[in-house]
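Reproduced below: target_35.pdb, with PDB, C-alpha atoms and all ligand atoms.
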ATOM      1  CA  SER A 393      92.545 140.003  80.342
ATOM      2  CA  LEU A 394      94.391 136.760  81.085
ATOM      3  CA  SER A 395      96.278 138.308  83.988
ATOM      4  CA  THR A 396      97.009 135.670  86.634
ATOM      5  CA  GLN A 397      98.128 135.965  90.251
ATOM      6  CA  PHE A 398     100.272 133.080  91.452
ATOM      7  CA  LEU A 399     102.422 132.938  94.607
ATOM      8  CA  GLY A 400     102.622 136.694  94.990
ATOM      9  CA  HIS A 401     103.426 137.510  91.374
ATOM     10  CA  THR A 402     101.172 138.760  88.597
ATOM     11  CA  TYR A 403     101.686 137.122  85.216
ATOM     12  CA  ALA A 404     100.415 138.422  81.875
ATOM     13  CA  ASN A 405      98.775 135.053  81.246
ATOM     14  CA  PRO A 406      98.762 131.594  82.870
ATOM     15  CA  LEU A 407     100.753 129.872  80.108
ATOM     16  CA  MET A 408     104.123 128.183  80.578
ATOM     17  CA  ASN A 409     106.169 125.469  78.913
ATOM     18  CA  ALA A 410     105.973 122.043  80.526
ATOM     19  CA  SER A 411     109.341 121.153  81.993
ATOM     20  CA  GLY A 412     111.412 119.132  79.562
ATOM     21  CA  VAL A 413     110.147 120.924  76.487
ATOM     22  CA  HIS A 414     112.191 123.748  74.967
ATOM     23  CA  CYS A 415     114.168 124.402  78.155
ATOM     24  CA  MET A 416     117.371 122.342  78.105
ATOM     25  CA  SER A 417     119.804 125.072  77.026
ATOM     26  CA  VAL A 418     120.215 128.755  77.891
ATOM     27  CA  GLU A 419     119.325 129.555  74.256
ATOM     28  CA  GLU A 420     115.997 127.744  74.553
ATOM     29  CA  LEU A 421     115.311 129.320  77.955
ATOM     30  CA  GLN A 422     116.041 132.784  76.528
ATOM     31  CA  GLU A 423     113.576 132.108  73.733
ATOM     32  CA  LEU A 424     110.922 131.240  76.322
ATOM     33  CA  ASP A 425     111.863 134.397  78.224
ATOM     34  CA  ARG A 426     111.271 136.473  75.052
ATOM     35  CA  SER A 427     108.005 134.654  74.247
ATOM     36  CA  SER A 428     104.538 135.680  75.373
ATOM     37  CA  ALA A 429     104.402 132.875  77.977
ATOM     38  CA  GLY A 430     103.445 134.258  81.386
ATOM     39  CA  ALA A 431     106.211 132.200  83.003
ATOM     40  CA  PHE A 432     108.551 129.333  82.121
ATOM     41  CA  ILE A 433     110.457 126.490  83.736
ATOM     42  CA  THR A 434     113.851 124.838  83.332
ATOM     43  CA  LYS A 435     114.505 121.250  82.300
ATOM     44  CA  SER A 436     114.537 118.982  85.352
ATOM     45  CA  ALA A 437     118.062 119.028  86.743
ATOM     46  CA  THR A 438     120.108 116.256  88.270
ATOM     47  CA  PRO A 439     123.253 117.047  90.294
ATOM     48  CA  ALA A 440     125.511 116.189  87.348
ATOM     49  CA  GLU A 441     125.023 116.576  83.605
ATOM     50  CA  ARG A 442     123.353 113.581  81.899
ATOM     51  CA  GLU A 443     123.318 112.438  78.265
ATOM     52  CA  GLY A 444     119.949 110.711  78.653
ATOM     53  CA  ASN A 445     118.720 107.638  76.784
ATOM     54  CA  PRO A 446     119.758 106.610  73.243
ATOM     55  CA  GLU A 447     117.892 108.143  70.265
ATOM     56  CA  PRO A 448     115.295 108.060  68.860
ATOM     57  CA  ARG A 449     113.750 108.996  72.215
ATOM     58  CA  TYR A 450     110.937 111.400  71.217
ATOM     59  CA  TYR A 451     108.300 110.732  68.553
ATOM     60  CA  PRO A 452     105.428 113.062  67.669
ATOM     61  CA  VAL A 453     102.171 111.556  66.385
ATOM     62  CA  ALA A 454      98.884 113.073  65.225
ATOM     63  CA  LEU A 455      97.210 112.986  68.642
ATOM     64  CA  GLY A 456     100.226 113.561  70.854
ATOM     65  CA  SER A 457     103.725 112.298  71.497
ATOM     66  CA  ILE A 458     105.710 109.544  73.170
ATOM     67  CA  ASN A 459     109.049 110.135  74.859
ATOM     68  CA  SER A 460     111.680 108.264  76.750
ATOM     69  CA  MET A 461     114.303 110.949  77.145
ATOM     70  CA  GLY A 462     115.955 109.613  80.305
ATOM     71  CA  LEU A 463     116.568 112.946  81.986
ATOM     72  CA  PRO A 464     119.168 114.476  79.671
ATOM     73  CA  ASN A 465     120.161 117.807  81.218
ATOM     74  CA  ARG A 466     123.142 120.122  81.665
ATOM     75  CA  GLY A 467     123.366 119.548  85.402
ATOM     76  CA  PHE A 468     122.187 121.553  88.403
ATOM     77  CA  ASP A 469     124.921 124.231  88.330
ATOM     78  CA  TYR A 470     124.129 125.182  84.714
ATOM     79  CA  TYR A 471     120.509 125.990  85.551
ATOM     80  CA  LEU A 472     121.370 127.671  88.854
ATOM     81  CA  ASP A 473     123.832 129.936  87.010
ATOM     82  CA  TYR A 474     121.143 130.718  84.453
ATOM     83  CA  VAL A 475     118.473 131.740  86.972
ATOM     84  CA  LEU A 476     120.930 133.723  89.129
ATOM     85  CA  ASN A 477     122.385 135.638  86.165
ATOM     86  CA  ARG A 478     119.190 136.223  84.197
ATOM     87  CA  GLU A 479     118.651 139.918  83.518
ATOM     88  CA  SER A 480     115.142 140.239  84.897
ATOM     89  CA  LYS A 481     115.714 138.003  87.923
ATOM     90  CA  GLY A 482     113.286 138.696  90.706
ATOM     91  CA  ASP A 483     110.316 138.969  88.330
ATOM     92  CA  GLY A 484     109.240 135.435  89.261
ATOM     93  CA  ARG A 485     108.911 134.380  85.636
ATOM     94  CA  VAL A 486     111.324 131.452  85.787
ATOM     95  CA  PHE A 487     110.661 128.292  87.810
ATOM     96  CA  PHE A 488     113.429 125.777  88.628
ATOM     97  CA  SER A 489     112.772 122.044  88.181
ATOM     98  CA  VAL A 490     114.731 119.379  90.050
ATOM     99  CA  ALA A 491     114.474 115.623  89.525
ATOM    100  CA  GLY A 492     117.061 113.803  91.554
ATOM    101  CA  MET A 493     117.309 110.069  90.986
ATOM    102  CA  SER A 494     117.543 109.454  94.738
ATOM    103  CA  LEU A 495     116.332 111.097  97.936
ATOM    104  CA  ALA A 496     119.899 112.192  98.652
ATOM    105  CA  ASP A 497     120.249 113.864  95.228
ATOM    106  CA  ASN A 498     116.977 115.764  95.695
ATOM    107  CA  LEU A 499     117.934 116.905  99.193
ATOM    108  CA  ALA A 500     121.372 118.003  97.994
ATOM    109  CA  MET A 501     119.949 120.126  95.164
ATOM    110  CA  LEU A 502     117.254 121.661  97.367
ATOM    111  CA  HIS A 503     119.861 122.523 100.023
ATOM    112  CA  ARG A 504     121.853 124.319  97.311
ATOM    113  CA  LEU A 505     118.753 126.246  96.191
ATOM    114  CA  GLN A 506     117.866 127.106  99.784
ATOM    115  CA  ASP A 507     121.383 128.452 100.395
ATOM    116  CA  SER A 508     121.482 130.360  97.084
ATOM    117  CA  ASP A 509     120.150 133.813  96.219
ATOM    118  CA  TYR A 510     117.406 132.225  94.085
ATOM    119  CA  THR A 511     114.041 133.617  95.170
ATOM    120  CA  GLY A 512     111.790 131.951  92.600
ATOM    121  CA  VAL A 513     109.598 128.889  92.590
ATOM    122  CA  THR A 514     111.020 125.364  92.651
ATOM    123  CA  GLU A 515     109.258 122.345  91.194
ATOM    124  CA  LEU A 516     110.230 118.976  92.658
ATOM    125  CA  ASN A 517     109.576 116.360  90.009
ATOM    126  CA  LEU A 518     108.186 113.183  91.603
ATOM    127  CA  SER A 519     107.169 111.635  88.313
ATOM    128  CA  CYS A 520     109.878 110.948  85.741
ATOM    129  CA  PRO A 521     108.846 107.631  84.139
ATOM    130  CA  ASN A 522     111.799 107.116  81.812
ATOM    131  CA  VAL A 523     114.923 106.192  83.753
ATOM    132  CA  PRO A 524     115.397 102.419  83.574
ATOM    133  CA  GLY A 525     115.245 100.868  87.049
ATOM    134  CA  LYS A 526     113.946 104.037  88.774
ATOM    135  CA  PRO A 527     110.251 103.923  89.762
ATOM    136  CA  GLN A 528     108.151 107.093  89.802
ATOM    137  CA  VAL A 529     108.280 108.389  93.383
ATOM    138  CA  GLY A 530     104.704 109.670  93.122
ATOM    139  CA  TYR A 531     103.394 106.106  92.865
ATOM    140  CA  ASP A 532     105.065 105.175  96.177
ATOM    141  CA  PHE A 533     103.031 106.962  98.834
ATOM    142  CA  GLU A 534     105.430 106.208 101.708
ATOM    143  CA  GLN A 535     108.395 107.525  99.752
ATOM    144  CA  THR A 536     106.417 110.631  98.766
ATOM    145  CA  GLN A 537     105.649 111.352 102.410
ATOM    146  CA  GLN A 538     109.263 110.707 103.401
ATOM    147  CA  ILE A 539     110.783 113.026 100.826
ATOM    148  CA  LEU A 540     108.375 115.866 101.657
ATOM    149  CA  THR A 541     108.981 115.396 105.393
ATOM    150  CA  GLU A 542     112.732 115.710 104.904
ATOM    151  CA  VAL A 543     112.491 118.576 102.404
ATOM    152  CA  PHE A 544     110.277 120.789 104.550
ATOM    153  CA  GLN A 545     112.614 120.460 107.520
ATOM    154  CA  PHE A 546     114.907 122.941 105.779
ATOM    155  CA  TYR A 547     113.326 124.205 102.552
ATOM    156  CA  LYS A 548     111.649 127.583 103.098
ATOM    157  CA  LYS A 549     111.261 128.894  99.526
ATOM    158  CA  PRO A 550     108.128 128.255  97.432
ATOM    159  CA  LEU A 551     108.017 124.600  96.379
ATOM    160  CA  GLY A 552     105.597 122.687  94.188
ATOM    161  CA  VAL A 553     105.543 119.042  93.118
ATOM    162  CA  LYS A 554     105.031 117.542  89.656
ATOM    163  CA  LEU A 555     102.831 114.494  89.977
ATOM    164  CA  PRO A 556     102.203 111.512  87.763
ATOM    165  CA  PRO A 557      98.599 110.862  86.733
ATOM    166  CA  TYR A 558      96.502 108.820  89.163
ATOM    167  CA  PHE A 559      93.652 106.589  88.061
ATOM    168  CA  ASP A 560      91.848 105.516  91.222
ATOM    169  CA  MET A 561      89.667 107.526  93.612
ATOM    170  CA  VAL A 562      91.354 105.946  96.657
ATOM    171  CA  HIS A 563      94.719 107.023  95.275
ATOM    172  CA  PHE A 564      93.446 110.603  94.870
ATOM    173  CA  ASP A 565      92.271 110.554  98.494
ATOM    174  CA  THR A 566      95.480 109.038  99.819
ATOM    175  CA  ILE A 567      97.965 111.239  97.990
ATOM    176  CA  ALA A 568      95.943 114.411  98.648
ATOM    177  CA  GLY A 569      95.857 113.486 102.343
ATOM    178  CA  ILE A 570      99.651 113.278 102.356
ATOM    179  CA  LEU A 571     100.178 116.506 100.366
ATOM    180  CA  ASN A 572      97.833 118.423 102.687
ATOM    181  CA  ARG A 573     100.251 117.865 105.602
ATOM    182  CA  PHE A 574     102.899 120.049 103.952
ATOM    183  CA  PRO A 575     103.263 123.777 103.138
ATOM    184  CA  LEU A 576     103.347 123.119  99.394
ATOM    185  CA  ALA A 577     102.882 126.064  97.046
ATOM    186  CA  TYR A 578     101.302 123.938  94.337
ATOM    187  CA  VAL A 579     100.872 120.574  92.692
ATOM    188  CA  ASN A 580     101.357 120.198  88.945
ATOM    189  CA  CYS A 581      99.020 117.644  87.293
ATOM    190  CA  ILE A 582     100.047 115.752  85.205
ATOM    191  CA  ASN A 583     103.340 114.376  84.001
ATOM    192  CA  SER A 584     103.074 112.056  81.004
ATOM    193  CA  VAL A 585     100.990 108.885  81.111
ATOM    194  CA  GLY A 586     103.990 106.681  81.728
ATOM    195  CA  ASN A 587     105.208 103.524  80.065
ATOM    196  CA  ALA A 588     102.782 103.378  77.192
ATOM    197  CA  LEU A 589     103.591 101.894  73.793
ATOM    198  CA  TYR A 590     103.153 103.497  70.380
ATOM    199  CA  ILE A 591     103.705 101.268  67.339
ATOM    200  CA  ASP A 592     104.519 101.865  63.675
ATOM    201  CA  THR A 593     102.076  99.427  62.066
ATOM    202  CA  ASP A 594     103.770  99.368  58.647
ATOM    203  CA  LEU A 595     107.181  98.651  60.087
ATOM    204  CA  GLU A 596     105.686  96.445  62.845
ATOM    205  CA  GLN A 597     108.079  98.156  65.193
ATOM    206  CA  VAL A 598     108.316 100.480  68.145
ATOM    207  CA  VAL A 599     109.056 104.197  67.558
ATOM    208  CA  VAL A 600     111.469 105.030  70.383
ATOM    209  CA  LYS A 601     114.630 103.069  71.188
ATOM    210  CA  PRO A 602     114.862 103.031  75.008
ATOM    211  CA  LYS A 603     112.925 100.491  77.075
ATOM    212  CA  ASN A 604     111.809  98.480  74.007
ATOM    213  CA  GLY A 605     109.604 101.364  72.903
ATOM    214  CA  PHE A 606     107.884 102.094  76.212
ATOM    215  CA  GLY A 607     107.549 105.807  76.959
ATOM    216  CA  GLY A 608     105.474 108.620  78.391
ATOM    217  CA  ILE A 609     102.454 109.790  76.390
ATOM    218  CA  GLY A 610     101.485 113.442  76.127
ATOM    219  CA  GLY A 611      99.159 115.541  74.015
ATOM    220  CA  GLN A 612      95.506 115.087  73.114
ATOM    221  CA  TYR A 613      95.509 111.461  74.308
ATOM    222  CA  VAL A 614      95.994 112.535  77.914
ATOM    223  CA  LYS A 615      93.693 115.541  78.308
ATOM    224  CA  PRO A 616      90.793 113.698  80.015
ATOM    225  CA  THR A 617      93.240 112.131  82.478
ATOM    226  CA  ALA A 618      94.874 115.509  83.083
ATOM    227  CA  LEU A 619      91.542 117.251  83.685
ATOM    228  CA  ALA A 620      90.476 114.534  86.127
ATOM    229  CA  ASN A 621      93.718 114.912  88.079
ATOM    230  CA  VAL A 622      93.485 118.725  88.158
ATOM    231  CA  ARG A 623      89.888 118.494  89.371
ATOM    232  CA  ALA A 624      90.526 115.703  91.874
ATOM    233  CA  PHE A 625      93.347 117.640  93.542
ATOM    234  CA  TYR A 626      91.598 121.025  93.326
ATOM    235  CA  VAL A 627      88.653 119.701  95.347
ATOM    236  CA  ARG A 628      90.811 117.768  97.857
ATOM    237  CA  LEU A 629      93.740 120.081  98.603
ATOM    238  CA  ASN A 630      93.879 122.901 101.137
ATOM    239  CA  PRO A 631      93.062 126.097  99.214
ATOM    240  CA  GLU A 632      96.584 127.440  99.896
ATOM    241  CA  ILE A 633      97.943 124.690  97.605
ATOM    242  CA  LYS A 634      97.413 125.845  94.018
ATOM    243  CA  VAL A 635      97.108 123.511  91.034
ATOM    244  CA  ILE A 636      99.034 123.797  87.767
ATOM    245  CA  GLY A 637      97.274 122.088  84.876
ATOM    246  CA  THR A 638      99.402 120.236  82.343
ATOM    247  CA  GLY A 639      98.302 117.698  79.763
ATOM    248  CA  GLY A 640      96.719 117.969  76.354
ATOM    249  CA  ILE A 641      96.596 121.739  76.019
ATOM    250  CA  THR A 642      96.531 122.307  72.275
ATOM    251  CA  THR A 643      93.903 125.043  71.964
ATOM    252  CA  GLY A 644      92.359 127.855  73.982
ATOM    253  CA  ARG A 645      89.423 125.553  74.639
ATOM    254  CA  ASP A 646      91.727 123.004  76.321
ATOM    255  CA  ALA A 647      93.184 125.812  78.424
ATOM    256  CA  PHE A 648      89.678 126.980  79.388
ATOM    257  CA  GLU A 649      88.751 123.430  80.482
ATOM    258  CA  HIS A 650      91.849 123.144  82.703
ATOM    259  CA  LEU A 651      90.968 126.501  84.316
ATOM    260  CA  LEU A 652      87.353 125.399  84.881
ATOM    261  CA  CYS A 653      88.714 122.333  86.690
ATOM    262  CA  GLY A 654      90.674 124.621  89.003
ATOM    263  CA  ALA A 655      94.124 125.150  87.509
ATOM    264  CA  THR A 656      95.867 128.497  88.113
ATOM    265  CA  MET A 657      98.869 128.190  85.776
ATOM    266  CA  LEU A 658      98.824 126.036  82.616
ATOM    267  CA  GLN A 659     101.725 124.195  81.006
ATOM    268  CA  ILE A 660     102.117 123.146  77.378
ATOM    269  CA  GLY A 661     104.461 120.315  76.397
ATOM    270  CA  THR A 662     103.673 118.344  73.235
ATOM    271  CA  GLN A 663     102.116 121.265  71.361
ATOM    272  CA  LEU A 664     105.051 123.547  72.252
ATOM    273  CA  CYS A 665     107.372 120.910  70.843
ATOM    274  CA  LYS A 666     105.312 120.854  67.612
ATOM    275  CA  ASP A 667     104.722 124.603  67.155
ATOM    276  CA  GLY A 668     107.515 126.339  69.044
ATOM    277  CA  THR A 669     106.926 129.426  71.168
ATOM    278  CA  PRO A 670     104.213 130.921  68.868
ATOM    279  CA  VAL A 671     101.913 128.364  70.526
ATOM    280  CA  PHE A 672     101.632 130.757  73.491
ATOM    281  CA  ASP A 673     100.288 133.597  71.309
ATOM    282  CA  ARG A 674      97.724 131.345  69.646
ATOM    283  CA  VAL A 675      96.468 129.595  72.803
ATOM    284  CA  ALA A 676      96.287 132.935  74.666
ATOM    285  CA  SER A 677      94.267 134.586  71.900
ATOM    286  CA  GLU A 678      91.927 131.581  71.589
ATOM    287  CA  LEU A 679      91.396 131.569  75.366
ATOM    288  CA  GLN A 680      90.698 135.311  75.346
ATOM    289  CA  GLN A 681      88.140 134.823  72.533
ATOM    290  CA  ILE A 682      86.292 132.147  74.516
ATOM    291  CA  MET A 683      86.213 134.412  77.577
ATOM    292  CA  ASP A 684      84.951 137.340  75.474
ATOM    293  CA  SER A 685      82.178 135.227  73.943
ATOM    294  CA  LYS A 686      81.099 134.089  77.422
ATOM    295  CA  GLY A 687      81.376 137.562  78.905
ATOM    296  CA  TYR A 688      84.176 136.715  81.363
ATOM    297  CA  LYS A 689      86.463 139.650  82.106
ATOM    298  CA  SER A 690      88.945 137.665  84.210
ATOM    299  CA  ILE A 691      89.936 134.050  84.768
ATOM    300  CA  ASP A 692      89.021 134.401  88.458
ATOM    301  CA  GLU A 693      85.334 134.606  87.424
ATOM    302  CA  PHE A 694      85.288 130.945  86.322
ATOM    303  CA  ARG A 695      88.367 129.200  87.749
ATOM    304  CA  GLY A 696      87.357 125.944  89.437
ATOM    305  CA  LYS A 697      83.656 126.518  88.803
ATOM    306  CA  LEU A 698      83.033 123.318  86.863
ATOM    307  CA  GLN A 699      79.419 122.299  87.378
ATOM    308  CA  SER A 700      78.094 118.853  88.257
ATOM    309  CA  ILE A 701      74.818 117.519  86.863
TER     310      ILE A 701
HETATM  311  C1  LIG B 801     111.968 112.986  81.701
HETATM  312  C2  LIG B 801     110.638 112.725  81.494
HETATM  313  C3  LIG B 801     109.724 113.166  82.404
HETATM  314  O1  LIG B 801     108.402 112.944  82.240
HETATM  315  C4  LIG B 801     110.154 113.869  83.509
HETATM  316  O2  LIG B 801     109.251 114.287  84.386
HETATM  317  C5  LIG B 801     111.481 114.130  83.717
HETATM  318  C6  LIG B 801     112.394 113.682  82.796
HETATM  319  C7  LIG B 801     112.939 112.482  80.741
HETATM  320  O3  LIG B 801     112.743 111.362  80.228
HETATM  321  O4  LIG B 801     113.940 113.169  80.498
END
As structure tokens, please, write out the structure in this file.
Ligand code: DHB
Amino acid sequence: SLSTQFLGHTYANPLMNASGVHCMSVEELQELDRSSAGAFITKSATPAEREGNPEPRYYPVALGSINSMGLPNRGFDYYLDYVLNRESKGDGRVFFSVAGMSLADNLAMLHRLQDSDYTGVTELNLSCPNVPGKPQVGYDFEQTQQILTEVFQFYKKPLGVKLPPYFDMVHFDTIAGILNRFPLAYVNCINSVGNALYIDTDLEQVVVKPKNGFGGIGGQYVKPTALANVRAFYVRLNPEIKVIGTGGITTGRDAFEHLLCGATMLQIGTQLCKDGTPVFDRVASELQQIMDSKGYKSIDEFRGKLQSI
């Protein structure tokens, strides 16, 4: 069985959508709710509704995707209404993502969540790479420490952070040292590999309009980076801080690798965009087949147990 315990809830499987994919509208969220995903998460909210960047702003390619969406979303109240009015509220299946464009915006939204009847998990996104002029908070260690210091002065509900990928061992050490000072529920590794460039060779032109074609890469391209980040944080963080693995999960084998590195929940972005919600049935059954062939009865038997040589 793929049954997974996470923050006091038991989920049928560890699979979720990655925030941003298939979760902008109530209709899309309801489709996730009806899918076989163990849990699901809302599109990152800002205090007010946003149109996002000009189109084309998402482009799928054989090995992944590039996007520069620019945080289009219906605004905080829309998602708060959704989670508070959802029929099965209290089951812990829906997570709430916030991505303020300033410290003040993030604090304002988290105060609203704290004061609301919402009892679920909140994901604070420190890693949106696509808003022109706004750096990714997760790459500024002082700002990361400051925002968490201010948040945990009042925020008492379960909170995780979505991190950008890191590429240097000293950065892993430094950011993990900061995160370990706070009562975080989890870290989610990774957001897209930011500000990359995909080119149409025939047209000799970029494929997304915003930022002269620069955008975040997801999919198969990023799996090794994602696995390294999951592993690096799993071995450095206090064991109370769980890890969500996101990045390059296309098959059950990719899911198995993320779990071996130490992930508890798993999020699917690019492949969900390509396949729709049936991706959860396929990846779950492929993961179950791998476990059966290896003789594992539960994910707990192998989670985090990646071997060194
Ligand atoms: C967007 C992209 C991200 O990677 C993210 O974390 C939040 C928002 C976006 O462009 O909409």
Please check which protein, DNA or RNA residues sit within 7 Å of ligand LIG 801 (chain B), counting only C-alpha atoms and all ligand atoms, and write them as a short mmCIF file (atom, residue, chain, number, x, y, z; two decimals) with C-alpha atoms, in the frame of the given file.
data_model
loop_
_atom_site.label_atom_id
_atom_site.label_comp_id
_atom_site.auth_asym_id
_atom_site.auth_seq_id
_atom_site.Cartn_x
_atom_site.Cartn_y
_atom_site.Cartn_z
CA GLY A 412 111.41 119.13 79.56
CA SER A 436 114.54 118.98 85.35
CA GLY A 444 119.95 110.71 78.65
CA ASN A 459 109.05 110.14 74.86
CA SER A 460 111.68 108.26 76.75
CA MET A 461 114.30 110.95 77.14
CA GLY A 462 115.96 109.61 80.31
CA LEU A 463 116.57 112.95 81.99
CA PRO A 464 119.17 114.48 79.67
CA ALA A 491 114.47 115.62 89.52
CA ASN A 517 109.58 116.36 90.01
CA SER A 519 107.17 111.64 88.31
CA CYS A 520 109.88 110.95 85.74
CA PRO A 521 108.85 107.63 84.14
CA ASN A 522 111.80 107.12 81.81
CA VAL A 523 114.92 106.19 83.75
CA ASN A 583 103.34 114.38 84.00
CA SER A 584 103.07 112.06 81.00
CA GLY A 608 105.47 108.62 78.39
#
Exercise: Met683 of chain A partners within 12 Å, all atoms listed in the file, chain neighbours under 4 positions left out, as a PyMOL selection string: chain A and resi 393-394+644-645+647-649+651-652+676-679+687-695
May I ask for the distance between atom CA of Met501 of chain A and atom CA of Tyr474 of chain A, given in Å to one decimal place?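 Value for the atom CA of Met501 of chain A-atom CA of Tyr474 of chain A distance: 15.1 Å.
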For Asn405 of chain A, which residue among A:Ile682, A:Ser417, A:Asp673, A:Thr438 is the nearest when counting only C-alpha atoms?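 Among A:Ile682, A:Ser417, A:Asp673, A:Thr438, it is A:Asp673 that comes nearest to Asn405 of chain A.
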Check the smallest atom-to-atom distance from each of A:Phe468, A:Tyr510, A:Tyr531, A:Phe432 to Thr566 of chain A using all atoms listed in the file, then report the winner. A:Tyr531
Counting all atoms listed in the file, what is within 7 Å of Gly605 of chain A, bar same-chain residues fewer than 6 positions away, as a PDB file with C-alpha atoms, in the frame of the given file?
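Okay, this is what ended up in around11.pdb:
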ATOM      1  CA  LEU A 589     103.591 101.894  73.793  1.00  0.00           C
ATOM      2  CA  VAL A 598     108.316 100.480  68.145  1.00  0.00           C
ATOM      3  CA  VAL A 599     109.056 104.197  67.558  1.00  0.00           C
TER       4      VAL A 599
END
From the set A:Gly482, A:Gly610, A:Lys601, A:Gln659, which residue has the shortest atom-to-atom contact distance to Glu447 of chain A, counting only C-alpha atoms?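 Closest candidate: A:Lys601.
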What's around Glu515 of chain A at 12 Å? Count all atoms listed in the file, leave out sequence neighbours fewer than 5 positions away in its own chain, and write the answer as number ranges by chain. A: 410-411, 432-437, 486-492, 498, 501-502, 505, 549-555, 576-581, 636
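Coordinates place atom CA of Arg623 of chain A at a distance of 14.7 Å from atom CA of Gly640 of chain A.
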From the options A:Gly430, A:Gly611, A:Pro631, A:Gly668, which residue's atoms come nearest to His401 of chain A, counting all atoms listed in the file? A:Gly430
Please enclose the listed atoms of segment 584-601 of chain A in an axis-aligned box, pad each side by 4 Å, and write out the centre and the three edge lengths in Å, rounded to one decimal, as lines of an AutoDock Vina configuration file.
center_x = 107.8
center_y = 104.3
center_z = 70.2
size_x = 21.6
size_y = 23.6
size_z = 31.1
Could you check which of A:Ser685, A:Thr656, A:Ser457, A:Ser427 is closest to Val585 of chain A, using only C-alpha atoms?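 Under the stated criterion, the closest residue is A:Ser457.
Excluding Leu476 of chain A and any residue on its chain fewer than 2 positions from it, the residues at most 10 Å away by all atoms listed in the file are A:Tyr471, A:Leu472, A:Asp473, A:Tyr474, A:Arg478, A:Glu479, A:Ser480, A:Lys481, A:Gly482, A:Ser508, A:Asp509, A:Tyr510, A:Thr511, A:Gly512.
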Can you tell me how far atom CA of Ala431 of chain A sits from atom CA of Ser395 of chain A, in Å to one decimal? 11.7 Å
Within 6 Å of (93.5, 119.7, 76.1) in the file's own coordinates, which protein, DNA or RNA residues have an atom, counting all atoms listed in the file? List them as a ChimeraX atom specification. /A:612,615,640-642,646
Residue nearest Phe546 of chain A - candidates A:Leu424, A:Ala624, A:Ala500, A:Leu516, atoms counted: only C-alpha atoms: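 Nearest candidate to Phe546 of chain A out of A:Leu424, A:Ala624, A:Ala500, A:Leu516: A:Ala500.
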So what does the PyMOL selection byres (((chain A and resi 629) around 10) and not hetatm) actually pick up in this one, as an mmCIF file with C-alpha atoms, keeping the file's coordinate frame?
data_model
loop_
_atom_site.group_PDB
_atom_site.id
_atom_site.type_symbol
_atom_site.label_atom_id
_atom_site.label_comp_id
_atom_site.auth_asym_id
_atom_site.auth_seq_id
_atom_site.Cartn_x
_atom_site.Cartn_y
_atom_site.Cartn_z
ATOM 1 C CA ASP A 565 92.271 110.554 98.494
ATOM 2 C CA ILE A 567 97.965 111.239 97.990
ATOM 3 C CA ALA A 568 95.943 114.411 98.648
ATOM 4 C CA GLY A 569 95.857 113.486 102.343
ATOM 5 C CA ILE A 570 99.651 113.278 102.356
ATOM 6 C CA LEU A 571 100.178 116.506 100.366
ATOM 7 C CA ASN A 572 97.833 118.423 102.687
ATOM 8 C CA ARG A 573 100.251 117.865 105.602
ATOM 9 C CA TYR A 578 101.302 123.938 94.337
ATOM 10 C CA VAL A 579 100.872 120.574 92.692
ATOM 11 C CA ALA A 624 90.526 115.703 91.874
ATOM 12 C CA PHE A 625 93.347 117.640 93.542
ATOM 13 C CA TYR A 626 91.598 121.025 93.326
ATOM 14 C CA VAL A 627 88.653 119.701 95.347
ATOM 15 C CA ARG A 628 90.811 117.768 97.857
ATOM 16 C CA ASN A 630 93.879 122.901 101.137
ATOM 17 C CA PRO A 631 93.062 126.097 99.214
ATOM 18 C CA GLU A 632 96.584 127.440 99.896
ATOM 19 C CA ILE A 633 97.943 124.690 97.605
ATOM 20 C CA LYS A 634 97.413 125.845 94.018
ATOM 21 C CA VAL A 635 97.108 123.511 91.034
#
Since the input lacks some atoms of segment 656-664 of chain A, please model N, CA and C atoms and print them as an mmCIF file, in the frame of the given file.
data_model
loop_
_atom_site.group_PDB
_atom_site.id
_atom_site.type_symbol
_atom_site.label_atom_id
_atom_site.label_comp_id
_atom_site.auth_asym_id
_atom_site.auth_seq_id
_atom_site.Cartn_x
_atom_site.Cartn_y
_atom_site.Cartn_z
ATOM 1 N N THR A 656 95.496 127.076 88.101
ATOM 2 C CA THR A 656 95.867 128.497 88.113
ATOM 3 C C THR A 656 96.846 128.804 86.983
ATOM 4 N N MET A 657 97.970 128.076 86.929
ATOM 5 C CA MET A 657 98.869 128.190 85.776
ATOM 6 C C MET A 657 98.627 126.982 84.878
ATOM 7 N N LEU A 658 99.046 127.090 83.614
ATOM 8 C CA LEU A 658 98.824 126.036 82.616
ATOM 9 C C LEU A 658 100.133 125.771 81.881
ATOM 10 N N GLN A 659 100.481 124.506 81.715
ATOM 11 C CA GLN A 659 101.725 124.195 81.006
ATOM 12 C C GLN A 659 101.457 123.421 79.721
ATOM 13 N N ILE A 660 102.261 123.744 78.708
ATOM 14 C CA ILE A 660 102.117 123.146 77.378
ATOM 15 C C ILE A 660 103.405 122.410 77.026
ATOM 16 N N GLY A 661 103.292 121.119 76.740
ATOM 17 C CA GLY A 661 104.461 120.315 76.397
ATOM 18 C C GLY A 661 104.457 119.915 74.933
ATOM 19 N N THR A 662 103.685 118.884 74.605
ATOM 20 C CA THR A 662 103.673 118.344 73.235
ATOM 21 C C THR A 662 103.430 119.423 72.186
ATOM 22 N N GLN A 663 102.447 120.290 72.405
ATOM 23 C CA GLN A 663 102.116 121.265 71.361
ATOM 24 C C GLN A 663 103.201 122.337 71.234
ATOM 25 N N LEU A 664 103.902 122.630 72.325
ATOM 26 C CA LEU A 664 105.051 123.547 72.252
ATOM 27 C C LEU A 664 106.163 122.910 71.427
#
